[in-house]
Structures are given as C-alpha cells and as structure tokens.
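Chemist: If you scroll down you'll find the structure; I have some questions about it.
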Amino acid sequence: MPKKINILGVGVDSLTMQEAVQQVEKFMDERAGVLVATANAEMIMRATHDAELRDILNEAALVVPDGAGTVWAAHHLGHRMPERVAGYDLAQQLMRRAPEKHRRIFFFGSAPGVADKAKAKAEKLYPGIEIVGTRNGYFKVEDEPEIVAQIKAAQPDLLLCALGVPKQEKWLRKYQQELGVPVSIGVGGTFDVMAGVMKRAPHWMQKAKLEWLFRGMMQPKRAGRLMALPRFVFKVHAFKSEHNR
Ligand code: UDP
C-alpha cells in the first residue's frame, strides 16, 4: 500500500496516477466494497472543521492527491508526493480501461440530464463501455431508498458519485454496506465537464497549477471559496511548525 502523508489531519496517499489506477483496479478485482476519495485543498480544509468528513477520509481505502495545493502541502511538510491525481483524470483512466475489463459503471449525481449526457460522451470516448445506470443528484431523503435500490439492481463494479463535497462522501459512507459496490468514488464536477456544462481549465493553466483560479473565474458564485486556498497555505505552515517542535 502507498505511504500515507498526514496533511492537516487527513491521511493522503503518496502515489502516481498509474499506481492509483492499479490500486482501484485491484479493489474492483477483489470486489472490496471500498470508498476512494480525491482530496484537494478545499476538501482538506473542510475536514479540519468537519469531523465526520475527516473520519470518512481517514477510513477510505484510498485518498488521492487531487490538486496542486495537496501536492504542495506534502512537499512543504517534507514528504514525497510524485504527482497530482485529479479526480476527473482518474475517472477517465478507469473508464478508458473499463471496456477491456468488462467493468460496469454507474453515474450518480449532477443536475437532471447531465449524467445522461456524460454517459453519451463516455460511450463515444470509450467504445464498448458499460454505463449501467444514471441518476441525477437532486433528491429528498425519502428518495434515497429508491436510489439505493436502483444502484444495487444495476450491479455496478464502480460507482462514480457527483454530489459535491462533502455530500458525496457522506452519502457514499452512509450506504456503503447496503450498496455493496466494489469501488465508489466521489468525483465532484466530473459529469458537468464531460457533458460540456462546465469547462475544465485549459492545459497550460493546469500545467501552471492554476486550475483553482480558472474555476473561481468561471463560477463567480464560488469565488468566495477561493479564500480556502490562502487559508490552507497558512494552516499548512502552522501545522509544519507544530510538528517540528
Ligand atoms: N450536485 C448534486 N446534488 C446536490 C449538490 C450538487 O448532484 O445536492 C452536483 C452538482 O450539480 C455538480 C456536482 O454536484 O455536478 C459538483 O458540484 P460542485 O462543483 O459544487 O462540487 P465540488 O467542487 O464541491 O466537488
């Protein structure tokens, strides 16, 4: 198993994209029934004041370093962290391998119609892929048993869940046992990007580690959330001094 790096109380796995993909494939082969999380700076910040989220992350089978902030924090704390493993990219890598491995995938979350558009896109990008069901992410608590039944009936090997952080992590944890899906991953805005509802940062911005800035610009409603980043940097500095004492 990869080494866990403690970033503000959240254990993040130090591994490459290739290793992450291999690990998830192994969980699917073993039909493990596990959760995989993709931790960016904003999620780690939230976990510092949301104990439920922190516990879910620390009990997850794998927590990949999503975003430049997480990789920076690991390096700043003196650990090896080979590269960023973005949730969107991890999902694409898994889908790319899915036809050959006959993996069944379920898309749960995002606004009505979006998961279906993402499904159509996946079928175009990855011929032969089996997206065995979709369900939008806007529901009432009383709808949950029906959603669980729908997912169970579809018998997916992989459940991609896009309800936003921390709703997706909490929902997956709540129903983990009941669902019995080999691997479930919270994938945030992945279906929005696949459906073309939202754009991903241009490649040069991703390379310049500016994806967070692009997101803030594209969704002004989220601009306030950008403040999480300087706060994260500040907290990681403080965390380092504390642990060096
Ligand atoms: N979403 C959803 N149900 C909700 C809230 C959000 O399905 O109750 C979806 C939303 O439509 C979007 C995705 O969750 O497709 C991720 O939202 P956001 O970009 O806010 O997530 P984050 O960046 O926090 O992961």
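Just remember, in the structure tokens the first chain shown is A, the second B, etc., residues are 1-based per chain, and ligands are 1-based in the order shown.
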Tell me, as a PyMOL selection string, which residues lie within 12 Å of segment 127-144 of chain A, counting only C-alpha atoms; anything in the same chain fewer than 4 positions away does not count.
Modeler: chain A and resi 92+94-123+148-164+167-168+171-172+174-175+178-179+188-189+191-192
Chemist: Generate the output file for the selected residues, C-alpha atoms, as a tab-separated table (two decimals), in the first residue's frame.
Modeler:
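In the end it all went to selection_10.tsv:
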chain	number	residue	atom	x	y	z
A	92	GLN	CA	-11.25	8.97	-17.26
A	94	LEU	CA	-10.72	3.99	-15.21
A	95	MET	CA	-13.33	4.44	-17.93
A	96	ARG	CA	-10.69	4.02	-20.63
A	97	ARG	CA	-9.82	0.59	-19.23
A	98	ALA	CA	-13.42	-0.39	-18.50
A	99	PRO	CA	-14.44	-1.99	-21.85
A	100	GLU	CA	-11.49	-4.37	-21.89
A	101	LYS	CA	-12.03	-5.34	-18.26
A	102	HIS	CA	-15.84	-5.51	-18.64
A	103	ARG	CA	-16.39	-3.12	-15.77
A	104	ARG	CA	-19.93	-1.96	-15.11
A	105	ILE	CA	-20.14	1.71	-14.15
A	106	PHE	CA	-22.94	3.76	-12.61
A	107	PHE	CA	-23.13	7.59	-12.84
A	108	PHE	CA	-24.91	9.12	-9.84
A	109	GLY	CA	-25.18	12.89	-9.34
A	110	SER	CA	-25.27	16.31	-11.03
A	111	ALA	CA	-28.30	18.15	-12.37
A	112	PRO	CA	-31.09	16.32	-14.26
A	113	GLY	CA	-29.90	15.28	-17.72
A	114	VAL	CA	-26.21	15.86	-17.06
A	115	ALA	CA	-25.29	12.28	-16.10
A	116	ASP	CA	-27.07	11.05	-19.27
A	117	LYS	CA	-25.06	13.48	-21.40
A	118	ALA	CA	-21.89	12.35	-19.64
A	119	LYS	CA	-22.89	8.74	-20.38
A	120	ALA	CA	-23.29	9.54	-24.09
A	121	LYS	CA	-19.87	11.20	-24.04
A	122	ALA	CA	-18.28	8.20	-22.30
A	123	GLU	CA	-19.81	5.86	-24.90
A	148	VAL	CA	-30.03	2.71	-3.41
A	149	ALA	CA	-32.32	0.07	-4.95
A	150	GLN	CA	-31.67	1.44	-8.45
A	151	ILE	CA	-27.90	1.31	-7.98
A	152	LYS	CA	-27.99	-2.17	-6.44
A	153	ALA	CA	-30.16	-3.52	-9.25
A	154	ALA	CA	-27.68	-2.20	-11.84
A	155	GLN	CA	-24.86	-4.16	-10.13
A	156	PRO	CA	-22.03	-1.78	-10.95
A	157	ASP	CA	-18.37	-2.54	-10.26
A	158	LEU	CA	-17.69	1.17	-10.00
A	159	LEU	CA	-19.97	3.91	-8.69
A	160	LEU	CA	-19.00	7.46	-9.67
A	161	CYS	CA	-20.83	9.89	-7.42
A	162	ALA	CA	-21.02	13.63	-8.12
A	163	LEU	CA	-22.96	15.40	-5.36
A	164	GLY	CA	-20.22	17.87	-4.42
A	167	LYS	CA	-22.30	15.43	0.38
A	168	GLN	CA	-20.95	12.74	-1.94
A	171	TRP	CA	-23.78	9.72	1.12
A	172	LEU	CA	-21.39	7.01	-0.05
A	174	LYS	CA	-23.96	6.07	4.71
A	175	TYR	CA	-24.88	3.47	2.11
A	178	GLU	CA	-26.01	-1.64	1.81
A	179	LEU	CA	-24.84	-0.88	-1.72
A	188	GLY	CA	-17.33	16.36	-7.92
A	189	GLY	CA	-17.79	18.20	-11.19
A	191	PHE	CA	-20.10	14.79	-15.19
A	192	ASP	CA	-20.50	18.56	-15.67
Chemist: Can you list every residue in segment 45-189 of chain A that DSSP puts in strand (DSSP E or B), as a short mmCIF file (atom, residue, chain, number, x, y, z; two decimals) with C-alpha atoms, in the first residue's frame?
Modeler:
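This went into part.cif:
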data_model
loop_
_atom_site.label_atom_id
_atom_site.label_comp_id
_atom_site.auth_asym_id
_atom_site.auth_seq_id
_atom_site.Cartn_x
_atom_site.Cartn_y
_atom_site.Cartn_z
CA LEU A 62 -7.50 5.36 -0.90
CA VAL A 63 -7.21 9.16 -0.77
CA VAL A 64 -5.55 10.53 -3.88
CA PRO A 65 -3.80 13.92 -4.00
CA ARG A 104 -19.93 -1.96 -15.11
CA ILE A 105 -20.14 1.71 -14.15
CA PHE A 106 -22.94 3.76 -12.61
CA PHE A 107 -23.13 7.59 -12.84
CA PHE A 108 -24.91 9.12 -9.84
CA GLY A 109 -25.18 12.89 -9.34
CA GLU A 130 -21.00 -0.27 -19.99
CA ILE A 131 -22.59 2.63 -18.14
CA VAL A 132 -25.24 0.52 -16.46
CA GLY A 133 -27.31 3.34 -14.97
CA THR A 134 -27.57 7.04 -14.25
CA ARG A 135 -29.40 9.07 -11.61
CA LEU A 158 -17.69 1.17 -10.00
CA LEU A 159 -19.97 3.91 -8.69
CA LEU A 160 -19.00 7.46 -9.67
CA CYS A 161 -20.83 9.89 -7.42
CA ALA A 162 -21.02 13.63 -8.12
CA VAL A 183 -15.50 0.72 -5.51
CA SER A 184 -17.24 4.09 -5.05
CA ILE A 185 -15.58 7.41 -5.80
CA GLY A 186 -16.77 10.98 -5.18
#
Chemist: Taking only C-alpha atoms and all ligand atoms into account, which of A:Lys209, A:Arg31, A:Arg225, A:Lys26 comes nearest ligand 1?
Modeler: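 That would be A:Arg225, the residue with the smallest distance to ligand 1.
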Chemist: Restricting the calculation to only C-alpha atoms and all ligand atoms, which member of A:Val187, A:Val24, A:Val85, A:Ala47 is positioned closest to ligand 1?
Modeler: A:Val187
Chemist: Tell me which protein, DNA and RNA residues are within 10 Å of His243 of chain A, counting only C-alpha atoms, leaving out same-chain ones fewer than 4 positions away, and put them as a list in words.
Modeler: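 The residues that qualify are Leu77, Ala238 and Phe239 of chain A.
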Chemist: From the options A:Glu146, A:Asp55, A:Glu30, A:Glu211, which residue's atoms come nearest to Gly69 of chain A, counting only C-alpha atoms?
Modeler: A:Glu211
Chemist: For a test of reading the model, state the distance in Å between atom 13 (C, counted along the ligand's line) of ligand 1 and atom CA of Pro230 of chain A, rounded to one decimal.
Modeler: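 Here the two named atoms are 23.3 Å from each other.
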Chemist: For Val10 of chain A, please output as a PyMOL selection string all residues within 9 Å (counting only C-alpha atoms; exclusion window: fewer than 6 positions along the same chain).
Modeler: chain A and resi 4+39+44+47-48+54-55+57-58+63
Chemist: Take the residues from that selection and put them in a file with C-alpha atoms, as a CSV table (one decimal), in the first residue's frame.
Modeler:
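Written output follows (selection.csv):
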chain,number,residue,atom,x,y,z
A,4,LYS,CA,0.0,8.0,3.9
A,39,ALA,CA,-8.6,15.3,-1.7
A,44,ILE,CA,-8.8,19.0,3.4
A,47,ALA,CA,-12.1,18.2,7.0
A,48,THR,CA,-10.3,20.4,9.7
A,54,ARG,CA,-12.3,13.8,8.3
A,55,ASP,CA,-13.2,10.3,9.7
A,57,LEU,CA,-11.4,10.3,4.6
A,58,ASN,CA,-9.2,8.6,7.1
A,63,VAL,CA,-7.2,9.2,-0.8
Chemist: Output as JSON lines one row per residue of segment 72-154 of chain A within 12 Å of segment 5-8 of chain A: the closest atom pair and its distance in Å to one decimal place, counting only C-alpha atoms, sorted by chain and residue number ascending.
Modeler:
{"residue": "A:Trp72", "atom": "CA", "partner": "A:Ile7", "partner_atom": "CA", "distance": 10.4}
{"residue": "A:Ala73", "atom": "CA", "partner": "A:Ile7", "partner_atom": "CA", "distance": 7.0}
{"residue": "A:Ala74", "atom": "CA", "partner": "A:Ile5", "partner_atom": "CA", "distance": 6.8}
{"residue": "A:His75", "atom": "CA", "partner": "A:Ile5", "partner_atom": "CA", "distance": 10.0}
{"residue": "A:His76", "atom": "CA", "partner": "A:Ile7", "partner_atom": "CA", "distance": 10.1}
{"residue": "A:Leu77", "atom": "CA", "partner": "A:Ile7", "partner_atom": "CA", "distance": 8.1}
{"residue": "A:Gly78", "atom": "CA", "partner": "A:Ile5", "partner_atom": "CA", "distance": 9.8}
{"residue": "A:His79", "atom": "CA", "partner": "A:Ile5", "partner_atom": "CA", "distance": 7.2}
{"residue": "A:Arg80", "atom": "CA", "partner": "A:Ile5", "partner_atom": "CA", "distance": 8.7}
{"residue": "A:Met81", "atom": "CA", "partner": "A:Ile5", "partner_atom": "CA", "distance": 8.6}
Chemist: Just write the chosen residues, C-alpha atoms, as a JSON list (two decimals), in the first residue's frame.
Modeler:
[["chain", "number", "residue", "atom", "x", "y", "z"],
["A", 72, "TRP", "CA", 2.48, 21.40, -2.48],
["A", 73, "ALA", "CA", 1.45, 20.72, 1.13],
["A", 74, "ALA", "CA", 3.03, 17.24, 1.11],
["A", 75, "HIS", "CA", 6.28, 18.66, -0.29],
["A", 76, "HIS", "CA", 6.24, 21.55, 2.16],
["A", 77, "LEU", "CA", 5.87, 19.08, 5.02],
["A", 78, "GLY", "CA", 8.94, 17.26, 3.72],
["A", 79, "HIS", "CA", 7.32, 14.24, 2.08],
["A", 80, "ARG", "CA", 7.48, 12.65, -1.34],
["A", 81, "MET", "CA", 4.37, 13.17, -3.43]]
Chemist: Find, counting only C-alpha atoms and all ligand atoms, the residue in A:Met198, A:Leu35, A:Ile56, A:Ala68 that gets nearest to ligand 1.
Modeler: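 When distances to ligand 1 are compared using only C-alpha atoms and all ligand atoms, the smallest one comes from A:Met198.
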Chemist: For Lys199 of chain A, work out the shell of residues within 12 Å, counting only C-alpha atoms and skipping chain neighbours fewer than 4 positions away, then give it as a PyMOL selection string.
Modeler: chain A and resi 88+189-195+203+211+214-219
Chemist: What does the distance from atom CA of Ala91 of chain A to atom CA of Met17 of chain A come to in Å, to one decimal?
Modeler: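 Spanning atom CA of Ala91 of chain A to atom CA of Met17 of chain A is a straight-line distance of 10.7 Å.
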Chemist: For the atom pair atom CA of Ala86 of chain A and atom CA of Thr38 of chain A, what is the interatomic distance in Å to one decimal place?
Modeler: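 Value for the atom CA of Ala86 of chain A-atom CA of Thr38 of chain A distance: 7.0 Å.
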Chemist: Measuring atom to atom with only C-alpha atoms and all ligand atoms, identify which of A:Val165, A:Gln18, A:Gln177, A:Pro220 is nearest to ligand 1.
Modeler: A:Val165
Chemist: When you count only C-alpha atoms and all ligand atoms, which of these residues is closest to ligand 1: A:Met43, A:Ala228, A:Val236, A:Leu125?
Modeler: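 When distances to ligand 1 are compared using only C-alpha atoms and all ligand atoms, the smallest one comes from A:Met43.
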